[in-house]
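Here is work.pdb, consisting of PDB, C-alpha atoms:
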ATOM      1  CA  MET D 329     -18.184 -11.639   3.211  1.00  0.00           C
ATOM      2  CA  ASN D 330     -19.839 -11.753   6.632  1.00  0.00           C
ATOM      3  CA  PHE D 331     -17.654 -10.992   9.644  1.00  0.00           C
ATOM      4  CA  GLU D 332     -18.320 -11.052  13.387  1.00  0.00           C
ATOM      5  CA  ASN D 333     -15.386  -8.984  14.619  1.00  0.00           C
ATOM      6  CA  ILE D 334     -14.645  -6.492  11.848  1.00  0.00           C
ATOM      7  CA  LEU D 335     -16.527  -4.127   9.559  1.00  0.00           C
ATOM      8  CA  VAL D 336     -15.520  -3.724   5.911  1.00  0.00           C
ATOM      9  CA  ALA D 337     -16.575  -0.821   3.700  1.00  0.00           C
ATOM     10  CA  VAL D 338     -15.536   0.255   0.207  1.00  0.00           C
ATOM     11  CA  ASP D 339     -15.857   3.814  -1.070  1.00  0.00           C
ATOM     12  CA  ASN D 340     -14.358   5.269  -4.249  1.00  0.00           C
ATOM     13  CA  GLY D 341     -11.463   2.844  -4.432  1.00  0.00           C
ATOM     14  CA  ILE D 342     -10.627   2.917  -0.702  1.00  0.00           C
ATOM     15  CA  GLY D 343     -11.248  -0.147   1.432  1.00  0.00           C
ATOM     16  CA  GLN D 344     -11.767   0.483   5.144  1.00  0.00           C
ATOM     17  CA  ILE D 345     -11.466  -2.266   7.750  1.00  0.00           C
ATOM     18  CA  THR D 346     -12.700  -1.410  11.242  1.00  0.00           C
ATOM     19  CA  ILE D 347     -11.902  -3.793  14.090  1.00  0.00           C
ATOM     20  CA  ASN D 348     -15.240  -3.980  15.873  1.00  0.00           C
ATOM     21  CA  ARG D 349     -14.879  -5.350  19.408  1.00  0.00           C
ATOM     22  CA  PRO D 350     -15.375  -2.126  21.402  1.00  0.00           C
ATOM     23  CA  SER D 351     -16.378  -3.942  24.594  1.00  0.00           C
ATOM     24  CA  LYS D 352     -12.894  -5.582  24.514  1.00  0.00           C
ATOM     25  CA  LEU D 353     -11.188  -2.353  23.343  1.00  0.00           C
ATOM     26  CA  ASN D 354     -10.889  -4.107  19.962  1.00  0.00           C
ATOM     27  CA  ALA D 355      -8.429  -6.677  21.339  1.00  0.00           C
ATOM     28  CA  LEU D 356      -7.102  -9.173  18.814  1.00  0.00           C
ATOM     29  CA  ASN D 357      -8.175 -12.764  19.226  1.00  0.00           C
ATOM     30  CA  VAL D 358      -7.603 -15.713  16.889  1.00  0.00           C
ATOM     31  CA  ALA D 359     -10.937 -15.224  15.130  1.00  0.00           C
ATOM     32  CA  THR D 360     -10.286 -11.515  14.521  1.00  0.00           C
ATOM     33  CA  ILE D 361      -6.820 -12.211  13.101  1.00  0.00           C
ATOM     34  CA  GLN D 362      -8.340 -14.711  10.666  1.00  0.00           C
ATOM     35  CA  GLU D 363     -11.072 -12.272   9.656  1.00  0.00           C
ATOM     36  CA  LEU D 364      -8.529  -9.506   9.104  1.00  0.00           C
ATOM     37  CA  HIS D 365      -6.510 -11.844   6.893  1.00  0.00           C
ATOM     38  CA  ASN D 366      -9.569 -12.755   4.836  1.00  0.00           C
ATOM     39  CA  ALA D 367     -10.674  -9.139   4.423  1.00  0.00           C
ATOM     40  CA  LEU D 368      -7.206  -7.891   3.489  1.00  0.00           C
ATOM     41  CA  GLU D 369      -6.727 -10.722   1.010  1.00  0.00           C
ATOM     42  CA  SER D 370     -10.056  -9.919  -0.648  1.00  0.00           C
ATOM     43  CA  LEU D 371      -9.420  -6.169  -0.850  1.00  0.00           C
ATOM     44  CA  ASP D 372      -5.892  -6.696  -2.173  1.00  0.00           C
ATOM     45  CA  ALA D 373      -7.243  -8.936  -4.954  1.00  0.00           C
ATOM     46  CA  ASN D 374      -9.853  -6.356  -5.953  1.00  0.00           C
ATOM     47  CA  GLU D 375      -8.523  -4.349  -8.916  1.00  0.00           C
ATOM     48  CA  ALA D 376     -10.736  -1.397  -7.986  1.00  0.00           C
ATOM     49  CA  ILE D 377      -9.253  -1.005  -4.484  1.00  0.00           C
ATOM     50  CA  ARG D 378      -6.190   1.244  -4.552  1.00  0.00           C
ATOM     51  CA  ALA D 379      -5.682   1.823  -0.798  1.00  0.00           C
ATOM     52  CA  ILE D 380      -6.759   0.209   2.478  1.00  0.00           C
ATOM     53  CA  ILE D 381      -7.318   1.895   5.847  1.00  0.00           C
ATOM     54  CA  VAL D 382      -7.289  -0.126   9.081  1.00  0.00           C
ATOM     55  CA  THR D 383      -8.791   1.420  12.210  1.00  0.00           C
ATOM     56  CA  GLY D 384     -10.643   0.529  15.414  1.00  0.00           C
ATOM     57  CA  GLU D 385     -14.277   1.068  16.330  1.00  0.00           C
ATOM     58  CA  GLY D 386     -14.979   3.908  18.734  1.00  0.00           C
ATOM     59  CA  GLU D 387     -12.765   6.639  20.146  1.00  0.00           C
ATOM     60  CA  LYS D 388     -11.000   4.670  22.887  1.00  0.00           C
ATOM     61  CA  ALA D 389      -8.877   2.157  21.038  1.00  0.00           C
ATOM     62  CA  PHE D 390      -7.333   1.144  17.751  1.00  0.00           C
ATOM     63  CA  VAL D 391      -6.450  -2.239  19.248  1.00  0.00           C
ATOM     64  CA  ALA D 392      -5.649  -2.414  22.958  1.00  0.00           C
ATOM     65  CA  GLY D 393      -3.632  -5.624  22.616  1.00  0.00           C
ATOM     66  CA  ALA D 394      -4.118  -9.336  22.178  1.00  0.00           C
ATOM     67  CA  ASP D 395      -6.876 -11.218  23.980  1.00  0.00           C
ATOM     68  CA  ILE D 396      -4.875 -12.511  26.969  1.00  0.00           C
ATOM     69  CA  SER D 397      -7.601 -14.934  28.009  1.00  0.00           C
ATOM     70  CA  GLU D 398      -6.882 -17.005  24.898  1.00  0.00           C
ATOM     71  CA  PHE D 399      -3.241 -17.758  25.725  1.00  0.00           C
ATOM     72  CA  ALA D 400      -2.884 -17.415  29.505  1.00  0.00           C
ATOM     73  CA  HIS D 401      -2.428 -21.179  29.890  1.00  0.00           C
ATOM     74  CA  PHE D 402      -0.408 -21.921  26.734  1.00  0.00           C
ATOM     75  CA  SER D 403       2.639 -24.188  26.715  1.00  0.00           C
ATOM     76  CA  ILE D 404       5.971 -23.234  25.136  1.00  0.00           C
ATOM     77  CA  GLU D 405       5.000 -24.975  21.895  1.00  0.00           C
ATOM     78  CA  GLU D 406       1.552 -23.400  21.806  1.00  0.00           C
ATOM     79  CA  GLY D 407       2.989 -19.931  22.390  1.00  0.00           C
ATOM     80  CA  ALA D 408       5.489 -20.292  19.556  1.00  0.00           C
ATOM     81  CA  GLN D 409       2.798 -21.651  17.244  1.00  0.00           C
ATOM     82  CA  MET D 410       0.479 -18.728  18.035  1.00  0.00           C
ATOM     83  CA  ALA D 411       3.215 -16.233  17.151  1.00  0.00           C
ATOM     84  CA  ALA D 412       4.143 -18.050  13.940  1.00  0.00           C
ATOM     85  CA  GLN D 413       0.519 -18.243  12.787  1.00  0.00           C
ATOM     86  CA  GLY D 414      -0.034 -14.579  13.596  1.00  0.00           C
ATOM     87  CA  HIS D 415       2.983 -13.555  11.532  1.00  0.00           C
ATOM     88  CA  GLU D 416       1.833 -15.622   8.563  1.00  0.00           C
ATOM     89  CA  LEU D 417      -1.854 -14.736   8.648  1.00  0.00           C
ATOM     90  CA  LEU D 418      -1.691 -11.054   9.488  1.00  0.00           C
ATOM     91  CA  PHE D 419       1.455  -9.167  10.403  1.00  0.00           C
ATOM     92  CA  ASP D 420       3.845 -10.281   7.647  1.00  0.00           C
ATOM     93  CA  PHE D 421       0.848 -10.569   5.326  1.00  0.00           C
ATOM     94  CA  VAL D 422      -0.080  -6.890   5.787  1.00  0.00           C
ATOM     95  CA  GLU D 423       3.503  -5.721   5.380  1.00  0.00           C
ATOM     96  CA  ASN D 424       3.848  -7.488   2.036  1.00  0.00           C
ATOM     97  CA  LEU D 425       0.518  -6.579   0.424  1.00  0.00           C
ATOM     98  CA  LYS D 426       0.850  -4.789  -2.902  1.00  0.00           C
ATOM     99  CA  THR D 427      -2.009  -2.469  -1.953  1.00  0.00           C
ATOM    100  CA  PRO D 428      -0.943   0.325   0.448  1.00  0.00           C
ATOM    101  CA  VAL D 429      -2.309  -0.194   3.965  1.00  0.00           C
ATOM    102  CA  ILE D 430      -2.574   2.829   6.279  1.00  0.00           C
ATOM    103  CA  ALA D 431      -3.217   2.469  10.012  1.00  0.00           C
ATOM    104  CA  ALA D 432      -5.551   5.133  11.398  1.00  0.00           C
ATOM    105  CA  VAL D 433      -4.667   4.864  15.090  1.00  0.00           C
ATOM    106  CA  ASN D 434      -7.511   6.107  17.283  1.00  0.00           C
ATOM    107  CA  GLY D 435      -6.822   5.791  21.007  1.00  0.00           C
ATOM    108  CA  PHE D 436      -4.865   2.902  22.494  1.00  0.00           C
ATOM    109  CA  ALA D 437      -2.534   0.853  20.268  1.00  0.00           C
ATOM    110  CA  LEU D 438      -0.894  -1.544  22.682  1.00  0.00           C
ATOM    111  CA  GLY D 439       0.871  -4.873  22.276  1.00  0.00           C
ATOM    112  CA  GLY D 440      -0.570  -6.652  19.261  1.00  0.00           C
ATOM    113  CA  GLY D 441      -2.386  -3.447  18.351  1.00  0.00           C
ATOM    114  CA  LEU D 442       0.827  -1.484  17.963  1.00  0.00           C
ATOM    115  CA  GLU D 443       2.351  -4.464  16.170  1.00  0.00           C
ATOM    116  CA  LEU D 444      -0.540  -4.398  13.686  1.00  0.00           C
ATOM    117  CA  ALA D 445      -0.124  -0.655  13.172  1.00  0.00           C
ATOM    118  CA  MET D 446       3.617  -1.112  12.598  1.00  0.00           C
ATOM    119  CA  ALA D 447       2.981  -3.860  10.034  1.00  0.00           C
ATOM    120  CA  CYS D 448       0.905  -1.394   8.010  1.00  0.00           C
ATOM    121  CA  HIS D 449       2.844   0.656   5.478  1.00  0.00           C
ATOM    122  CA  PHE D 450       2.517   3.835   7.539  1.00  0.00           C
ATOM    123  CA  ARG D 451       0.529   5.275  10.418  1.00  0.00           C
ATOM    124  CA  ILE D 452      -1.655   8.313  11.192  1.00  0.00           C
ATOM    125  CA  ALA D 453      -2.544   8.932  14.856  1.00  0.00           C
ATOM    126  CA  SER D 454      -5.337  10.835  16.561  1.00  0.00           C
ATOM    127  CA  ASP D 455      -4.161  13.316  19.164  1.00  0.00           C
ATOM    128  CA  ASN D 456      -5.471  11.100  21.973  1.00  0.00           C
ATOM    129  CA  ALA D 457      -3.564   8.001  20.827  1.00  0.00           C
ATOM    130  CA  LYS D 458      -1.334   6.103  23.247  1.00  0.00           C
ATOM    131  CA  MET D 459       1.131   3.495  22.032  1.00  0.00           C
ATOM    132  CA  GLY D 460       3.223   0.874  23.749  1.00  0.00           C
ATOM    133  CA  LEU D 461       4.424  -2.709  23.984  1.00  0.00           C
ATOM    134  CA  PRO D 462       3.611  -3.796  27.561  1.00  0.00           C
ATOM    135  CA  GLU D 463       4.295  -7.514  27.093  1.00  0.00           C
ATOM    136  CA  VAL D 464       7.198  -7.774  29.561  1.00  0.00           C
ATOM    137  CA  SER D 465       4.798  -6.751  32.332  1.00  0.00           C
ATOM    138  CA  LEU D 466       2.998 -10.044  31.601  1.00  0.00           C
ATOM    139  CA  GLY D 467       6.172 -12.116  31.579  1.00  0.00           C
ATOM    140  CA  ILE D 468       6.378 -12.425  27.788  1.00  0.00           C
ATOM    141  CA  ILE D 469       7.879 -10.415  24.926  1.00  0.00           C
ATOM    142  CA  PRO D 470       6.216  -8.938  21.847  1.00  0.00           C
ATOM    143  CA  GLY D 471       5.499 -11.913  19.587  1.00  0.00           C
ATOM    144  CA  TYR D 472       3.922 -10.366  16.499  1.00  0.00           C
ATOM    145  CA  GLY D 473       6.972  -8.533  15.167  1.00  0.00           C
ATOM    146  CA  GLY D 474       7.308  -5.813  17.794  1.00  0.00           C
ATOM    147  CA  THR D 475      10.950  -6.535  18.651  1.00  0.00           C
ATOM    148  CA  GLN D 476      11.829  -6.231  14.964  1.00  0.00           C
ATOM    149  CA  ARG D 477       9.639  -3.461  13.532  1.00  0.00           C
ATOM    150  CA  LEU D 478       9.858  -1.015  16.450  1.00  0.00           C
ATOM    151  CA  PRO D 479      13.678  -0.702  16.247  1.00  0.00           C
ATOM    152  CA  GLN D 480      13.414  -0.340  12.465  1.00  0.00           C
ATOM    153  CA  LEU D 481      11.030   2.579  12.890  1.00  0.00           C
ATOM    154  CA  ILE D 482      12.424   4.452  15.915  1.00  0.00           C
ATOM    155  CA  GLY D 483      15.928   3.091  16.472  1.00  0.00           C
ATOM    156  CA  LYS D 484      17.363   0.429  18.761  1.00  0.00           C
ATOM    157  CA  GLY D 485      17.822   2.523  21.910  1.00  0.00           C
ATOM    158  CA  ARG D 486      14.310   3.972  21.963  1.00  0.00           C
ATOM    159  CA  ALA D 487      12.810   0.574  21.171  1.00  0.00           C
ATOM    160  CA  MET D 488      14.788  -1.053  23.985  1.00  0.00           C
ATOM    161  CA  GLU D 489      13.480   1.540  26.427  1.00  0.00           C
ATOM    162  CA  MET D 490       9.846   1.220  25.300  1.00  0.00           C
ATOM    163  CA  ILE D 491       9.896  -2.561  25.466  1.00  0.00           C
ATOM    164  CA  MET D 492      11.824  -2.852  28.762  1.00  0.00           C
ATOM    165  CA  THR D 493       9.745  -0.248  30.614  1.00  0.00           C
ATOM    166  CA  ALA D 494       6.448  -1.542  29.146  1.00  0.00           C
ATOM    167  CA  GLY D 495       5.452   2.105  29.041  1.00  0.00           C
ATOM    168  CA  MET D 496       3.167   4.071  26.751  1.00  0.00           C
ATOM    169  CA  ILE D 497       4.029   7.103  24.657  1.00  0.00           C
ATOM    170  CA  SER D 498       1.712   9.843  23.444  1.00  0.00           C
ATOM    171  CA  ALA D 499       0.849  10.556  19.839  1.00  0.00           C
ATOM    172  CA  GLU D 500       3.192  13.554  19.831  1.00  0.00           C
ATOM    173  CA  GLU D 501       6.048  11.466  21.230  1.00  0.00           C
ATOM    174  CA  ALA D 502       5.335   8.824  18.587  1.00  0.00           C
ATOM    175  CA  PHE D 503       5.467  11.513  15.897  1.00  0.00           C
ATOM    176  CA  ARG D 504       8.781  12.887  17.132  1.00  0.00           C
ATOM    177  CA  ALA D 505      10.228   9.364  17.211  1.00  0.00           C
ATOM    178  CA  GLY D 506       9.083   8.602  13.653  1.00  0.00           C
ATOM    179  CA  LEU D 507       6.590   5.943  14.707  1.00  0.00           C
ATOM    180  CA  VAL D 508       3.671   7.817  13.124  1.00  0.00           C
ATOM    181  CA  ASN D 509       3.678  10.138  10.102  1.00  0.00           C
ATOM    182  CA  HIS D 510       1.026  12.615  11.246  1.00  0.00           C
ATOM    183  CA  VAL D 511      -1.005  13.509  14.342  1.00  0.00           C
ATOM    184  CA  VAL D 512      -4.465  14.982  13.820  1.00  0.00           C
ATOM    185  CA  PRO D 513      -7.526  15.683  15.982  1.00  0.00           C
ATOM    186  CA  GLN D 514      -9.662  12.619  16.666  1.00  0.00           C
ATOM    187  CA  THR D 515     -12.564  14.052  14.657  1.00  0.00           C
ATOM    188  CA  GLU D 516     -10.342  14.505  11.598  1.00  0.00           C
ATOM    189  CA  LEU D 517      -8.514  11.167  11.703  1.00  0.00           C
ATOM    190  CA  LEU D 518     -10.441   9.289   9.041  1.00  0.00           C
ATOM    191  CA  SER D 519     -10.969  12.248   6.735  1.00  0.00           C
ATOM    192  CA  PHE D 520      -7.262  13.093   6.852  1.00  0.00           C
ATOM    193  CA  THR D 521      -6.273   9.462   6.277  1.00  0.00           C
ATOM    194  CA  LYS D 522      -8.663   9.197   3.333  1.00  0.00           C
ATOM    195  CA  SER D 523      -7.204  12.362   1.826  1.00  0.00           C
ATOM    196  CA  LEU D 524      -3.740  10.759   1.934  1.00  0.00           C
ATOM    197  CA  ALA D 525      -5.166   7.587   0.389  1.00  0.00           C
ATOM    198  CA  GLN D 526      -6.666   9.662  -2.422  1.00  0.00           C
ATOM    199  CA  ARG D 527      -3.262  11.216  -3.128  1.00  0.00           C
ATOM    200  CA  ILE D 528      -1.746   7.731  -3.328  1.00  0.00           C
ATOM    201  CA  MET D 529      -4.511   6.603  -5.690  1.00  0.00           C
ATOM    202  CA  LYS D 530      -3.506   9.178  -8.319  1.00  0.00           C
ATOM    203  CA  ASN D 531      -0.295   7.242  -8.897  1.00  0.00           C
ATOM    204  CA  SER D 532       0.463   3.925 -10.570  1.00  0.00           C
ATOM    205  CA  PRO D 533      -0.823   1.043  -8.428  1.00  0.00           C
ATOM    206  CA  VAL D 534       1.560  -1.346 -10.169  1.00  0.00           C
ATOM    207  CA  ALA D 535       4.553   0.885  -9.422  1.00  0.00           C
ATOM    208  CA  ILE D 536       3.416   1.347  -5.808  1.00  0.00           C
ATOM    209  CA  GLY D 537       3.230  -2.417  -5.326  1.00  0.00           C
ATOM    210  CA  LYS D 538       6.752  -2.818  -6.659  1.00  0.00           C
ATOM    211  CA  ALA D 539       8.005   0.065  -4.495  1.00  0.00           C
ATOM    212  CA  ILE D 540       6.594  -1.683  -1.413  1.00  0.00           C
ATOM    213  CA  LYS D 541       8.543  -4.832  -2.346  1.00  0.00           C
ATOM    214  CA  ALA D 542      11.763  -2.883  -2.848  1.00  0.00           C
ATOM    215  CA  ILE D 543      11.466  -0.913   0.406  1.00  0.00           C
ATOM    216  CA  ASN D 544      10.645  -4.035   2.429  1.00  0.00           C
ATOM    217  CA  ALA D 545      13.640  -5.862   0.941  1.00  0.00           C
ATOM    218  CA  ASN D 546      15.990  -3.502   2.786  1.00  0.00           C
ATOM    219  CA  PHE D 547      14.774  -4.944   6.098  1.00  0.00           C
ATOM    220  CA  LYS D 548      14.998  -8.651   5.247  1.00  0.00           C
ATOM    221  CA  ASP D 549      18.052 -10.673   6.265  1.00  0.00           C
ATOM    222  CA  GLY D 550      19.983 -12.098   3.338  1.00  0.00           C
ATOM    223  CA  VAL D 551      18.189  -9.936   0.764  1.00  0.00           C
ATOM    224  CA  ASN D 552      19.990  -7.247  -1.200  1.00  0.00           C
ATOM    225  CA  GLY D 553      17.552  -4.346  -1.315  1.00  0.00           C
ATOM    226  CA  TYR D 554      19.420  -2.647  -4.158  1.00  0.00           C
ATOM    227  CA  GLU D 555      19.102  -5.767  -6.313  1.00  0.00           C
ATOM    228  CA  THR D 556      15.395  -5.944  -5.525  1.00  0.00           C
ATOM    229  CA  GLU D 557      15.027  -2.298  -6.500  1.00  0.00           C
ATOM    230  CA  ILE D 558      16.874  -2.807  -9.795  1.00  0.00           C
ATOM    231  CA  ARG D 559      14.791  -5.872 -10.643  1.00  0.00           C
ATOM    232  CA  ASN D 560      11.470  -4.188  -9.879  1.00  0.00           C
ATOM    233  CA  PHE D 561      12.517  -0.963 -11.600  1.00  0.00           C
ATOM    234  CA  GLY D 562      13.143  -3.014 -14.743  1.00  0.00           C
ATOM    235  CA  LYS D 563       9.805  -4.815 -14.446  1.00  0.00           C
ATOM    236  CA  CYS D 564       7.992  -1.473 -14.476  1.00  0.00           C
ATOM    237  CA  PHE D 565       9.099  -0.910 -18.076  1.00  0.00           C
ATOM    238  CA  GLY D 566       6.937  -3.835 -19.198  1.00  0.00           C
ATOM    239  CA  THR D 567       3.709  -2.501 -17.684  1.00  0.00           C
ATOM    240  CA  GLU D 568       0.764  -0.617 -19.137  1.00  0.00           C
ATOM    241  CA  ASP D 569       1.122   1.852 -16.274  1.00  0.00           C
ATOM    242  CA  PHE D 570       4.607   2.794 -17.495  1.00  0.00           C
ATOM    243  CA  LYS D 571       3.301   3.391 -21.005  1.00  0.00           C
ATOM    244  CA  GLU D 572       0.398   5.458 -19.697  1.00  0.00           C
ATOM    245  CA  GLY D 573       2.486   7.428 -17.205  1.00  0.00           C
ATOM    246  CA  THR D 574       5.210   8.403 -19.646  1.00  0.00           C
ATOM    247  CA  THR D 575       2.748   9.116 -22.475  1.00  0.00           C
ATOM    248  CA  ALA D 576       0.648  11.321 -20.196  1.00  0.00           C
ATOM    249  CA  PHE D 577       3.755  13.215 -19.110  1.00  0.00           C
ATOM    250  CA  LEU D 578       4.850  13.848 -22.689  1.00  0.00           C
ATOM    251  CA  GLU D 579       1.318  14.844 -23.683  1.00  0.00           C
ATOM    252  CA  LYS D 580       1.088  17.154 -20.650  1.00  0.00           C
ATOM    253  CA  ARG D 581      -2.030  15.508 -19.224  1.00  0.00           C
ATOM    254  CA  LYS D 582      -2.898  13.569 -16.072  1.00  0.00           C
ATOM    255  CA  ALA D 583      -2.224   9.847 -16.243  1.00  0.00           C
ATOM    256  CA  ASP D 584      -5.186   7.469 -16.119  1.00  0.00           C
ATOM    257  CA  PHE D 585      -3.923   4.335 -14.413  1.00  0.00           C
ATOM    258  CA  LYS D 586      -6.312   1.385 -14.756  1.00  0.00           C
ATOM    259  CA  GLY D 587      -5.601  -1.227 -12.103  1.00  0.00           C
ATOM    260  CA  LYS D 588      -3.225  -3.152  -9.871  1.00  0.00           C
TER     261      LYS D 588
END
If you took the structure in this file and wrote it as structure tokens, what would it be?
Amino acid sequence: MNFENILVAVDNGIGQITINRPSKLNALNVATIQELHNALESLDANEAIRAIIVTGEGEKAFVAGADISEFAHFSIEEGAQMAAQGHELLFDFVENLKTPVIAAVNGFALGGGLELAMACHFRIASDNAKMGLPEVSLGIIPGYGGTQRLPQLIGKGRAMEMIMTAGMISAEEAFRAGLVNHVVPQTELLSFTKSLAQRIMKNSPVAIGKAIKAINANFKDGVNGYETEIRNFGKCFGTEDFKEGTTAFLEKRKADFKGK
């Protein structure tokens, strides 16, 4: 695939997507959202890819927000449509991939950038990262899942404060709040993230995909997460990965899981 706004690389089972608009601090526009969807869909379908890393080009920004110039003159209907399309193409799409997606947050992750990071399955931040949802300073609210995922990750009160003040928090503050899993020096961000991806890759990709479904179910209205867990737990017993994992354990050897 040829892309204008992102770079895609594959190395030893890890797919890396780099948002490549450094002159715009990697801001998300409609074209970039579509390209991210296409790249993620392709990597998720690839049996050889066991983990995906999403990051931004350069040291200044992961994604510094949405491209405001694209929607500054939108009507009510156009604004709602933009949000709905973004959810479908990227933010909900990332959250529900069966392949683990890790956000490597380098620099600013603001607005749509933080919303993208939160849609990923978990987040690693460089020590210079700054995160926030500044939308109310523009007269709008977060429209790509920020009002929903931020409270889930850090609690209602903290999320209310972040969104109402439109302020930024540091990487260390994000770590203490539970927004990111680890904070590492900028120079070590990708190597550290890849090392976590490699640890994930030792485990059953089929089981990981089902675990993602079960965990996500707990945050969906009208869905019983326990029932989803029970159903997916049962499905695991019919997989080759279950046979390999249990056989390897009994034979006291490392399991050799084949594919997603």
Quick one: which residues end up in the PyMOL selection byres ((chain D and resi 473) around 9) for this structure, as an MDAnalysis selection string? chainID D and resid 411 415 419:420 440 443:444 446:447 470:472 474:478
From the list D:Asn544, D:Gly460, D:Gly467, D:Ala576, the nearest residue to Glu489 of chain D using all atoms listed in the file is D:Gly460
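Atom pair atom CA of Ala487 of chain D / atom CA of Leu353 of chain D: separated by 24.3 Å.
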For Gly537 of chain D, which of D:Phe561, D:Phe450, D:Phe399, D:Phe503 is the closest residue, counting all atoms listed in the file?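 Using all atoms listed in the file, the shortest distance to Gly537 of chain D belongs to D:Phe561.
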Check what the PyMOL selection byres ((chain D and resi 330-332) around 12) selects in the file above and give those residues as an MDAnalysis selection string. chainID D and resid 329 333:337 345:349 357 359:367
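Closest to Ile342 of chain D among D:Thr515, D:Asn374, D:Thr574, D:Asn456 is D:Asn374, based on all atoms listed in the file.
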Which residues, written as a PyMOL selection string, have at least one atom at most 9 Å from Lys352 of chain D, with all atoms listed in the file counted and residues fewer than 3 positions away on the same chain left out? chain D and resi 349+355-356+391-392+395
For the contact check between segment 385-439 of chain D and segment 520-527 of chain D, emit one row per residue of segment 385-439 of chain D within 12 Å, containing the shortest atom pair and the distance in Å rounded to one decimal, counting all atoms listed in the file, chain then rising number order, as CSV.
residue,atom,partner,partner_atom,distance
D:Thr427,CA,D:Ala525,CA,10.8
D:Pro428,CA,D:Ala525,CA,8.4
D:Val429,CA,D:Ala525,CA,9.0
D:Ile430,CA,D:Thr521,CA,7.6
D:Ala431,CA,D:Thr521,CA,8.5
D:Ala432,CA,D:Thr521,CA,6.7
D:Val433,CA,D:Thr521,CA,10.1
D:Asn434,CA,D:Thr521,CA,11.6
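From atom CA of Glu398 of chain D back to atom CA of Leu466 of chain D, the distance works out to 13.8 Å.
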